[in-house]
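Asker: So here's structure32.cif, just mmCIF, C-alpha atoms:
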data_coords
#
loop_
_atom_site.group_PDB
_atom_site.id
_atom_site.type_symbol
_atom_site.label_atom_id
_atom_site.label_comp_id
_atom_site.auth_asym_id
_atom_site.auth_seq_id
_atom_site.Cartn_x
_atom_site.Cartn_y
_atom_site.Cartn_z
ATOM 1 C CA MET A 1 50.248 -25.236 -17.118
ATOM 2 C CA THR A 2 48.632 -25.158 -20.545
ATOM 3 C CA GLU A 3 45.847 -27.479 -21.642
ATOM 4 C CA SER A 4 48.108 -29.288 -24.100
ATOM 5 C CA GLU A 5 50.393 -30.221 -21.207
ATOM 6 C CA ILE A 6 47.461 -31.911 -19.429
ATOM 7 C CA ILE A 7 45.284 -33.406 -22.166
ATOM 8 C CA SER A 8 45.036 -33.681 -25.930
ATOM 9 C CA VAL A 9 41.528 -32.765 -27.071
ATOM 10 C CA PRO A 10 40.524 -33.415 -30.697
ATOM 11 C CA ALA A 11 39.265 -30.648 -32.967
ATOM 12 C CA VAL A 12 35.716 -32.049 -33.192
ATOM 13 C CA ILE A 13 33.626 -32.877 -30.115
ATOM 14 C CA GLY A 14 30.135 -34.363 -30.231
ATOM 15 C CA HIS A 15 27.538 -32.094 -28.588
ATOM 16 C CA ARG A 16 25.508 -33.851 -25.872
ATOM 17 C CA GLY A 17 26.767 -37.035 -27.500
ATOM 18 C CA ALA A 18 25.596 -36.663 -31.066
ATOM 19 C CA ALA A 19 22.465 -34.600 -30.472
ATOM 20 C CA GLY A 20 21.537 -34.301 -34.125
ATOM 21 C CA HIS A 21 21.120 -38.055 -34.401
ATOM 22 C CA ALA A 22 19.955 -39.311 -31.002
ATOM 23 C CA PRO A 23 18.286 -37.948 -27.860
ATOM 24 C CA GLU A 24 20.755 -35.641 -26.156
ATOM 25 C CA ASN A 25 22.596 -36.663 -22.999
ATOM 26 C CA THR A 26 21.670 -40.344 -23.275
ATOM 27 C CA LEU A 27 23.758 -43.468 -23.662
ATOM 28 C CA ALA A 28 22.265 -43.867 -27.141
ATOM 29 C CA SER A 29 23.688 -40.471 -28.056
ATOM 30 C CA LEU A 30 27.133 -41.435 -26.748
ATOM 31 C CA ARG A 31 27.036 -44.658 -28.756
ATOM 32 C CA LYS A 32 26.001 -42.759 -31.887
ATOM 33 C CA ALA A 33 28.886 -40.334 -31.463
ATOM 34 C CA ALA A 34 31.334 -43.217 -31.298
ATOM 35 C CA GLU A 35 29.714 -44.767 -34.373
ATOM 36 C CA LEU A 36 30.268 -41.507 -36.257
ATOM 37 C CA GLY A 37 33.967 -41.598 -35.490
ATOM 38 C CA VAL A 38 34.024 -38.990 -32.727
ATOM 39 C CA ARG A 39 36.812 -39.407 -30.153
ATOM 40 C CA TRP A 40 35.429 -36.959 -27.553
ATOM 41 C CA VAL A 41 31.917 -35.976 -26.536
ATOM 42 C CA GLU A 42 30.419 -33.181 -24.470
ATOM 43 C CA PHE A 43 27.459 -33.694 -22.136
ATOM 44 C CA ASP A 44 25.615 -31.830 -19.377
ATOM 45 C CA THR A 45 25.429 -32.792 -15.713
ATOM 46 C CA LYS A 46 23.025 -31.849 -12.927
ATOM 47 C CA ILE A 47 22.114 -33.337 -9.568
ATOM 48 C CA THR A 48 18.807 -34.815 -8.464
ATOM 49 C CA ARG A 49 16.894 -34.012 -5.286
ATOM 50 C CA ASP A 50 18.831 -36.743 -3.489
ATOM 51 C CA GLY A 51 22.204 -35.592 -4.795
ATOM 52 C CA ALA A 52 22.882 -38.042 -7.637
ATOM 53 C CA ALA A 53 24.829 -36.734 -10.641
ATOM 54 C CA VAL A 54 22.922 -37.330 -13.886
ATOM 55 C CA LEU A 55 23.174 -36.307 -17.539
ATOM 56 C CA PHE A 56 20.599 -33.599 -18.152
ATOM 57 C CA HIS A 57 20.509 -30.110 -19.671
ATOM 58 C CA ASP A 58 17.302 -28.319 -18.716
ATOM 59 C CA HIS A 59 16.183 -27.343 -15.236
ATOM 60 C CA THR A 60 12.813 -28.976 -15.965
ATOM 61 C CA LEU A 61 11.851 -32.381 -17.294
ATOM 62 C CA GLU A 62 9.264 -31.584 -19.930
ATOM 63 C CA ARG A 63 11.341 -31.005 -23.076
ATOM 64 C CA THR A 64 13.349 -34.217 -23.095
ATOM 65 C CA THR A 65 11.321 -36.683 -20.999
ATOM 66 C CA ASP A 66 7.716 -37.679 -20.335
ATOM 67 C CA GLY A 67 8.018 -36.302 -16.802
ATOM 68 C CA ARG A 68 6.997 -32.985 -15.288
ATOM 69 C CA GLY A 69 8.649 -30.705 -12.778
ATOM 70 C CA GLU A 70 12.206 -29.792 -11.888
ATOM 71 C CA VAL A 71 15.193 -32.102 -11.996
ATOM 72 C CA ALA A 72 16.338 -30.691 -8.653
ATOM 73 C CA GLU A 73 13.042 -31.751 -7.080
ATOM 74 C CA THR A 74 13.040 -35.264 -8.575
ATOM 75 C CA THR A 75 14.687 -38.278 -6.934
ATOM 76 C CA LEU A 76 17.017 -40.495 -8.893
ATOM 77 C CA ALA A 77 14.586 -43.409 -8.556
ATOM 78 C CA ASP A 78 11.770 -41.358 -10.088
ATOM 79 C CA LEU A 79 14.041 -39.954 -12.787
ATOM 80 C CA ARG A 80 15.064 -43.468 -13.829
ATOM 81 C CA GLU A 81 11.421 -44.301 -14.554
ATOM 82 C CA LEU A 82 11.088 -41.594 -17.206
ATOM 83 C CA ASP A 83 11.292 -42.068 -20.959
ATOM 84 C CA ALA A 84 14.077 -39.842 -22.288
ATOM 85 C CA GLY A 85 13.967 -40.994 -25.904
ATOM 86 C CA THR A 86 10.492 -40.830 -27.417
ATOM 87 C CA TRP A 87 10.496 -37.012 -27.606
ATOM 88 C CA PHE A 88 13.294 -37.332 -30.185
ATOM 89 C CA ASP A 89 12.000 -40.330 -32.134
ATOM 90 C CA ASP A 90 9.874 -43.382 -31.400
ATOM 91 C CA THR A 91 12.852 -45.617 -32.196
ATOM 92 C CA PHE A 92 14.421 -44.377 -28.944
ATOM 93 C CA ALA A 93 11.399 -45.220 -26.779
ATOM 94 C CA GLY A 94 12.491 -46.421 -23.366
ATOM 95 C CA GLU A 95 15.827 -44.621 -23.357
ATOM 96 C CA ARG A 96 16.593 -43.532 -19.799
ATOM 97 C CA VAL A 97 18.308 -40.597 -18.140
ATOM 98 C CA PRO A 98 21.781 -41.934 -17.321
ATOM 99 C CA THR A 99 23.732 -41.249 -14.174
ATOM 100 C CA LEU A 100 27.234 -39.858 -14.527
ATOM 101 C CA LEU A 101 28.475 -43.294 -13.441
ATOM 102 C CA ASP A 102 26.440 -44.910 -16.240
ATOM 103 C CA ALA A 103 27.965 -42.474 -18.722
ATOM 104 C CA MET A 104 31.515 -43.090 -17.531
ATOM 105 C CA ALA A 105 31.076 -46.842 -17.947
ATOM 106 C CA ALA A 106 29.816 -46.239 -21.494
ATOM 107 C CA LEU A 107 32.733 -43.912 -22.251
ATOM 108 C CA ALA A 108 35.163 -46.591 -21.104
ATOM 109 C CA ARG A 109 33.503 -49.211 -23.328
ATOM 110 C CA LEU A 110 33.472 -46.861 -26.308
ATOM 111 C CA GLY A 111 36.912 -45.340 -25.753
ATOM 112 C CA LEU A 112 35.544 -41.791 -25.682
ATOM 113 C CA GLY A 113 37.063 -38.800 -23.914
ATOM 114 C CA ALA A 114 34.683 -36.212 -22.487
ATOM 115 C CA ASN A 115 34.044 -32.554 -21.875
ATOM 116 C CA VAL A 116 31.798 -32.695 -18.805
ATOM 117 C CA GLU A 117 29.680 -29.554 -18.553
ATOM 118 C CA ILE A 118 28.193 -28.654 -15.189
ATOM 119 C CA LYS A 119 24.712 -27.236 -15.648
ATOM 120 C CA PRO A 120 23.574 -26.554 -12.074
ATOM 121 C CA SER A 121 20.003 -25.973 -11.054
ATOM 122 C CA PRO A 122 19.432 -22.528 -9.475
ATOM 123 C CA GLY A 123 20.670 -22.412 -5.902
ATOM 124 C CA ARG A 124 22.735 -25.594 -6.226
ATOM 125 C CA GLU A 125 25.747 -24.219 -8.074
ATOM 126 C CA ALA A 126 28.551 -25.056 -5.622
ATOM 127 C CA GLU A 127 26.893 -28.294 -4.546
ATOM 128 C CA THR A 128 26.647 -29.508 -8.136
ATOM 129 C CA GLY A 129 30.275 -28.663 -8.778
ATOM 130 C CA ARG A 130 31.373 -30.578 -5.669
ATOM 131 C CA VAL A 131 29.217 -33.622 -6.420
ATOM 132 C CA VAL A 132 30.228 -33.919 -10.073
ATOM 133 C CA ALA A 133 33.895 -33.381 -9.226
ATOM 134 C CA GLY A 134 33.661 -36.017 -6.501
ATOM 135 C CA VAL A 135 32.147 -38.623 -8.813
ATOM 136 C CA LEU A 136 34.746 -37.942 -11.491
ATOM 137 C CA LYS A 137 37.592 -38.016 -8.975
ATOM 138 C CA ALA A 138 36.438 -41.329 -7.487
ATOM 139 C CA SER A 139 35.448 -43.219 -10.624
ATOM 140 C CA TRP A 140 36.847 -41.706 -13.827
ATOM 141 C CA PRO A 141 38.099 -44.612 -15.999
ATOM 142 C CA ALA A 142 41.877 -44.941 -15.863
ATOM 143 C CA THR A 143 41.905 -45.955 -19.530
ATOM 144 C CA LEU A 144 40.641 -42.523 -20.641
ATOM 145 C CA PRO A 145 42.336 -39.125 -20.739
ATOM 146 C CA PRO A 146 41.322 -36.788 -17.888
ATOM 147 C CA PRO A 147 37.968 -35.096 -18.465
ATOM 148 C CA LEU A 148 37.746 -31.422 -19.327
ATOM 149 C CA ILE A 149 35.212 -29.853 -16.951
ATOM 150 C CA SER A 150 33.343 -26.773 -18.166
ATOM 151 C CA SER A 151 30.534 -24.506 -17.023
ATOM 152 C CA PHE A 152 28.947 -21.123 -17.573
ATOM 153 C CA ASP A 153 28.647 -20.907 -13.797
ATOM 154 C CA LYS A 154 31.708 -19.535 -12.026
ATOM 155 C CA GLU A 155 30.615 -20.768 -8.597
ATOM 156 C CA ALA A 156 30.296 -24.327 -9.886
ATOM 157 C CA LEU A 157 33.720 -24.137 -11.556
ATOM 158 C CA GLY A 158 35.210 -22.739 -8.366
ATOM 159 C CA ALA A 159 33.844 -25.727 -6.462
ATOM 160 C CA VAL A 160 35.429 -28.067 -9.023
ATOM 161 C CA ARG A 161 38.752 -26.238 -8.699
ATOM 162 C CA ASP A 162 38.673 -26.754 -4.939
ATOM 163 C CA ALA A 163 37.413 -30.358 -4.972
ATOM 164 C CA ALA A 164 39.390 -31.791 -7.899
ATOM 165 C CA PRO A 165 42.081 -29.316 -8.959
ATOM 166 C CA GLU A 166 43.832 -31.970 -11.042
ATOM 167 C CA PHE A 167 41.095 -31.868 -13.712
ATOM 168 C CA PRO A 168 41.452 -29.156 -16.385
ATOM 169 C CA ARG A 169 38.665 -26.574 -16.528
ATOM 170 C CA ALA A 170 37.063 -24.396 -19.204
ATOM 171 C CA LEU A 171 34.819 -21.369 -18.802
ATOM 172 C CA LEU A 172 31.790 -21.196 -21.094
ATOM 173 C CA VAL A 173 30.561 -17.836 -22.401
ATOM 174 C CA PHE A 174 28.066 -16.752 -25.021
ATOM 175 C CA ARG A 175 29.862 -13.490 -25.729
ATOM 176 C CA LEU A 176 33.475 -12.753 -24.871
ATOM 177 C CA PRO A 177 33.352 -10.260 -21.985
ATOM 178 C CA SER A 178 35.795 -7.376 -21.852
ATOM 179 C CA ASP A 179 37.341 -8.818 -18.680
ATOM 180 C CA TRP A 180 37.492 -12.401 -19.960
ATOM 181 C CA ARG A 181 41.007 -13.015 -18.642
ATOM 182 C CA SER A 182 40.191 -12.330 -14.968
ATOM 183 C CA PRO A 183 37.699 -15.180 -14.388
ATOM 184 C CA LEU A 184 39.841 -17.626 -16.366
ATOM 185 C CA GLU A 185 42.820 -16.893 -14.167
ATOM 186 C CA ALA A 186 40.812 -16.828 -10.927
ATOM 187 C CA LEU A 187 39.257 -20.223 -11.701
ATOM 188 C CA GLY A 188 42.501 -21.743 -12.960
ATOM 189 C CA CYS A 189 40.955 -22.462 -16.350
ATOM 190 C CA VAL A 190 43.027 -23.702 -19.259
ATOM 191 C CA ALA A 191 40.378 -23.022 -21.908
ATOM 192 C CA LEU A 192 37.556 -20.749 -22.984
ATOM 193 C CA HIS A 193 34.514 -22.051 -24.889
ATOM 194 C CA CYS A 194 32.609 -19.308 -26.721
ATOM 195 C CA GLN A 195 29.431 -19.368 -28.789
ATOM 196 C CA ALA A 196 30.500 -19.394 -32.414
ATOM 197 C CA LYS A 197 28.196 -16.633 -33.646
ATOM 198 C CA HIS A 198 29.690 -14.162 -31.173
ATOM 199 C CA LEU A 199 33.317 -14.937 -31.950
ATOM 200 C CA SER A 200 35.513 -12.916 -34.326
ATOM 201 C CA ALA A 201 39.034 -13.303 -35.610
ATOM 202 C CA ALA A 202 40.220 -10.481 -33.353
ATOM 203 C CA LYS A 203 38.572 -11.943 -30.231
ATOM 204 C CA ALA A 204 39.912 -15.397 -31.021
ATOM 205 C CA GLY A 205 43.376 -13.945 -31.492
ATOM 206 C CA ALA A 206 43.258 -12.215 -28.112
ATOM 207 C CA VAL A 207 42.310 -15.395 -26.256
ATOM 208 C CA LEU A 208 44.915 -17.454 -28.078
ATOM 209 C CA ALA A 209 47.591 -14.834 -27.422
ATOM 210 C CA GLY A 210 46.739 -15.153 -23.744
ATOM 211 C CA GLY A 211 47.807 -18.795 -23.842
ATOM 212 C CA PHE A 212 44.356 -20.358 -23.456
ATOM 213 C CA ALA A 213 42.796 -23.093 -25.551
ATOM 214 C CA LEU A 214 39.717 -21.874 -27.452
ATOM 215 C CA ARG A 215 36.673 -23.797 -28.673
ATOM 216 C CA SER A 216 33.321 -22.810 -30.164
ATOM 217 C CA PHE A 217 29.781 -24.146 -29.837
ATOM 218 C CA THR A 218 27.460 -25.206 -31.397
ATOM 219 C CA VAL A 219 28.922 -25.555 -34.897
ATOM 220 C CA ASN A 220 26.963 -27.675 -37.373
ATOM 221 C CA ASP A 221 28.223 -26.170 -40.622
ATOM 222 C CA LYS A 222 31.507 -27.322 -42.128
ATOM 223 C CA ALA A 223 32.278 -23.972 -43.754
ATOM 224 C CA ARG A 224 31.774 -22.183 -40.416
ATOM 225 C CA ALA A 225 34.028 -24.703 -38.711
ATOM 226 C CA GLU A 226 36.750 -24.189 -41.292
ATOM 227 C CA LYS A 227 36.552 -20.435 -40.785
ATOM 228 C CA LEU A 228 36.945 -20.867 -37.033
ATOM 229 C CA PHE A 229 39.884 -23.225 -37.495
ATOM 230 C CA GLY A 230 41.422 -20.617 -39.772
ATOM 231 C CA TRP A 231 41.300 -18.154 -36.869
ATOM 232 C CA GLY A 232 43.214 -20.636 -34.740
ATOM 233 C CA VAL A 233 40.251 -22.009 -32.776
ATOM 234 C CA HIS A 234 41.316 -25.360 -31.354
ATOM 235 C CA GLY A 235 37.995 -27.161 -31.593
ATOM 236 C CA VAL A 236 34.269 -27.078 -32.241
ATOM 237 C CA ILE A 237 31.372 -28.783 -30.488
ATOM 238 C CA SER A 238 28.779 -30.105 -32.927
ATOM 239 C CA ASP A 239 25.392 -31.852 -33.060
ATOM 240 C CA TYR A 240 26.501 -33.319 -36.410
ATOM 241 C CA PRO A 241 30.214 -33.993 -35.887
ATOM 242 C CA GLU A 242 30.463 -36.199 -38.968
ATOM 243 C CA ARG A 243 29.907 -33.109 -41.167
ATOM 244 C CA ILE A 244 33.081 -31.542 -39.802
ATOM 245 C CA LEU A 245 35.108 -34.726 -39.410
ATOM 246 C CA ALA A 246 34.881 -35.097 -43.187
ATOM 247 C CA ARG A 247 37.478 -32.324 -43.593
#
For this file, produce the structure as structure tokens.

Answerer:
Amino acid sequence: MTESEIISVPAVIGHRGAAGHAPENTLASLRKAAELGVRWVEFDTKITRDGAAVLFHDHTLERTTDGRGEVAETTLADLRELDAGTWFDDTFAGERVPTLLDAMAALARLGLGANVEIKPSPGREAETGRVVAGVLKASWPATLPPPLISSFDKEALGAVRDAAPEFPRALLVFRLPSDWRSPLEALGCVALHCQAKHLSAAKAGAVLAGGFALRSFTVNDKARAEKLFGWGVHGVISDYPERILAR
């Protein structure tokens, strides 16, 4: 089954919400994306020490919060106490790290679809895939299209395939490997997401000829986006989606 038979994903997706305008992977960033006219967003998910699914990119807390240490070694209660906004701008002081449940409630209010990326901490790949898939399976808003679940990590995607096979999956890569088709087929993926700077017209054509949807990240330049669209790329993931929406 092709992606288009399962879901309809727009050509422009907000990266980590709208990461150029608000602190990434926060509810403020999701709200900003909706304000900019985005219909889908991408965000990262990890699990805490006590197994709660949260929106977070890095393995450690320092870059995007006032905490220290590893996300995987931090409880949800302690994570909720951290400031996840001031690092970006003082106007976001007090912004918190949302749970996946928090994010889904916000998506439902805002009418946003989502590409949910699984960004597992080392050693917790399959566990993270199972937990995130379980939360999505149990609580995904019925008013929204099914989420597209993506990851660089094949073990995490395999766990999603086994736990919630009904959700479409995408494999993330920086460079298109020579054997790109094998993992896509093994994981039952409907899409490939490739870093824009490593994509070419020929590589895009090969993926598209294989019947897979193709998207590129992270694209913040309108001219680059138009070039990718000209190659047949289905969508781009952008920190500044409004630049590309103004096509």

Asker: List every protein, DNA or RNA residue that has at least one atom no more than 8 Å from (20.0, -30.8, -23.2) in the file's coordinates, counting all atoms listed in the file, and write the result as a PyMOL selection string.

Answerer: chain A and resi 16+24-25+44+56-58+64

Asker: Just checking: using all atoms listed in the file, which residue out of A:Ile13, A:Val131, A:Ala19, A:Ala33 ends up closest to A:Asp50?

Answerer: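 Among the listed residues, A:Val131 lies closest to A:Asp50.
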
Asker: From the set A:Leu110, A:Ser121, A:Ile6, A:Trp231, which residue has the shortest atom-to-atom contact distance to A:Cys189, counting all atoms listed in the file?

Answerer: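 Going through A:Leu110, A:Ser121, A:Ile6, A:Trp231 one by one, the smallest distance to A:Cys189 is for A:Ile6.
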
Asker: For the file shown, what are the residues hit by the PyMOL selection byres ((chain A and resi 48) around 8), laid out as a list of chain:residue names?

Answerer: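 With the PyMOL selection byres ((chain A and resi 48) around 8) on this model, the match is A:Lys46, A:Ile47, A:Arg49, A:Asp50, A:Gly51, A:Ala52, A:Ala53, A:Val54, A:Val71, A:Ala72, A:Glu73, A:Thr74, A:Thr75, A:Leu76.
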
Asker: Would you mind exporting C-alpha atoms of the selected residues as a JSON list (two decimals), keeping the file's coordinate frame?

Answerer:
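Contents of the output file out32.json:
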[["chain", "number", "residue", "atom", "x", "y", "z"],
["A", 46, "LYS", "CA", 23.02, -31.85, -12.93],
["A", 47, "ILE", "CA", 22.11, -33.34, -9.57],
["A", 49, "ARG", "CA", 16.89, -34.01, -5.29],
["A", 50, "ASP", "CA", 18.83, -36.74, -3.49],
["A", 51, "GLY", "CA", 22.20, -35.59, -4.80],
["A", 52, "ALA", "CA", 22.88, -38.04, -7.64],
["A", 53, "ALA", "CA", 24.83, -36.73, -10.64],
["A", 54, "VAL", "CA", 22.92, -37.33, -13.89],
["A", 71, "VAL", "CA", 15.19, -32.10, -12.00],
["A", 72, "ALA", "CA", 16.34, -30.69, -8.65],
["A", 73, "GLU", "CA", 13.04, -31.75, -7.08],
["A", 74, "THR", "CA", 13.04, -35.26, -8.57],
["A", 75, "THR", "CA", 14.69, -38.28, -6.93],
["A", 76, "LEU", "CA", 17.02, -40.49, -8.89]]

Asker: Measuring atom to atom with all atoms listed in the file, identify which of A:Gly111, A:Ile7, A:Pro165, A:Gly205 is nearest to A:Glu35.

Answerer: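 Using all atoms listed in the file, the shortest distance to A:Glu35 belongs to A:Gly111.
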
Asker: Would you mind listing what lies within 7 Å of A:Ala191 as a list of chain:residue names, with only C-alpha atoms counted and same-chain residues fewer than 4 positions away left out?

Answerer: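 In the requested format, the answer is A:Arg169, A:Ala170, A:Leu171, A:Phe212, A:Ala213, A:Leu214.
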
Asker: Return the single residue from A:Ala164, A:Val132, A:Val173, A:Val207 that is closest to A:Met104, with distances computed using only C-alpha atoms.

Answerer: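 Residue with the minimum atom-to-atom distance to A:Met104: A:Val132.
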
Asker: Taking all atoms listed in the file into account, name the residue in A:Met1, A:Leu144, A:Ala22, A:Ala196 that is nearest to A:Ala105.

Answerer: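 Closest candidate: A:Leu144.
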
Asker: Counting only C-alpha atoms, write as an MDAnalysis selection string all protein and nucleic acid residues lying at most 12 Å from (36.4, -37.5, -22.1) in the file's frame.

Answerer: chainID A and resid 7:10 13:14 17 30 34 38:43 103:108 110:117 136 140:150 167:168

Asker: Which is closest to A:Leu228 among A:Ala159, A:Ala28, A:Ile244, A:Ala84, if we use all atoms listed in the file?

Answerer: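 Closest to A:Leu228, using all atoms listed in the file: A:Ile244.
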
Asker: Would you pick out the contacts of A:Thr65 at 7 Å or less, using all atoms listed in the file, so that residues sharing its chain but fewer than 5 positions from it are not included, and give the list as a ChimeraX atom specification?

Answerer: /A:82-84,87

Asker: Let me know the residues the PyMOL selection byres ((chain A and resi 181) around 12) catches in the file above, as a PDB file with C-alpha atoms, keeping the file's coordinate frame.

Answerer:
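Once written, result13.pdb looks like this:
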ATOM      1  CA  LEU A 171      34.819 -21.369 -18.802  1.00  0.00           C
ATOM      2  CA  LEU A 176      33.475 -12.753 -24.871  1.00  0.00           C
ATOM      3  CA  PRO A 177      33.352 -10.260 -21.985  1.00  0.00           C
ATOM      4  CA  SER A 178      35.795  -7.376 -21.852  1.00  0.00           C
ATOM      5  CA  ASP A 179      37.341  -8.818 -18.680  1.00  0.00           C
ATOM      6  CA  TRP A 180      37.492 -12.401 -19.960  1.00  0.00           C
ATOM      7  CA  SER A 182      40.191 -12.330 -14.968  1.00  0.00           C
ATOM      8  CA  PRO A 183      37.699 -15.180 -14.388  1.00  0.00           C
ATOM      9  CA  LEU A 184      39.841 -17.626 -16.366  1.00  0.00           C
ATOM     10  CA  GLU A 185      42.820 -16.893 -14.167  1.00  0.00           C
ATOM     11  CA  ALA A 186      40.812 -16.828 -10.927  1.00  0.00           C
ATOM     12  CA  LEU A 187      39.257 -20.223 -11.701  1.00  0.00           C
ATOM     13  CA  GLY A 188      42.501 -21.743 -12.960  1.00  0.00           C
ATOM     14  CA  CYS A 189      40.955 -22.462 -16.350  1.00  0.00           C
ATOM     15  CA  VAL A 190      43.027 -23.702 -19.259  1.00  0.00           C
ATOM     16  CA  ALA A 191      40.378 -23.022 -21.908  1.00  0.00           C
ATOM     17  CA  LEU A 192      37.556 -20.749 -22.984  1.00  0.00           C
ATOM     18  CA  LYS A 203      38.572 -11.943 -30.231  1.00  0.00           C
ATOM     19  CA  ALA A 206      43.258 -12.215 -28.112  1.00  0.00           C
ATOM     20  CA  VAL A 207      42.310 -15.395 -26.256  1.00  0.00           C
ATOM     21  CA  LEU A 208      44.915 -17.454 -28.078  1.00  0.00           C
ATOM     22  CA  ALA A 209      47.591 -14.834 -27.422  1.00  0.00           C
ATOM     23  CA  GLY A 210      46.739 -15.153 -23.744  1.00  0.00           C
ATOM     24  CA  GLY A 211      47.807 -18.795 -23.842  1.00  0.00           C
ATOM     25  CA  PHE A 212      44.356 -20.358 -23.456  1.00  0.00           C
TER      26      PHE A 212
END

Asker: Atom CA of A:Asp162 and atom CA of A:Ala138 are how many Å apart?

Answerer: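 These atoms are spaced 15.0 Å apart.
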
Asker: Quick check, in Å to one decimal: how far apart do atom CA of A:Leu36 and atom CA of A:Glu242 lie?

Answerer: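 Pair atom CA of A:Leu36 / atom CA of A:Glu242 returns 6.0 Å.
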
Asker: Need to verify the contact set: A:Gly85, 10 Å, all atoms listed in the file, exclusion of same-chain residues closer than 5 positions in sequence. Can you return it as a ChimeraX atom specification?

Answerer: /A:22-24,26,28-29,64-66,90-97

Asker: Draw an axis-aligned box tight on the listed atoms of stretch 123-128 of chain A, then pad every side by 6 Å and write out centre and edge lengths in Å to one decimal as AutoDock Vina command-line options.

Answerer:
--center_x 24.6 --center_y -26.0 --center_z -6.3 --size_x 19.9 --size_y 19.1 --size_z 15.6
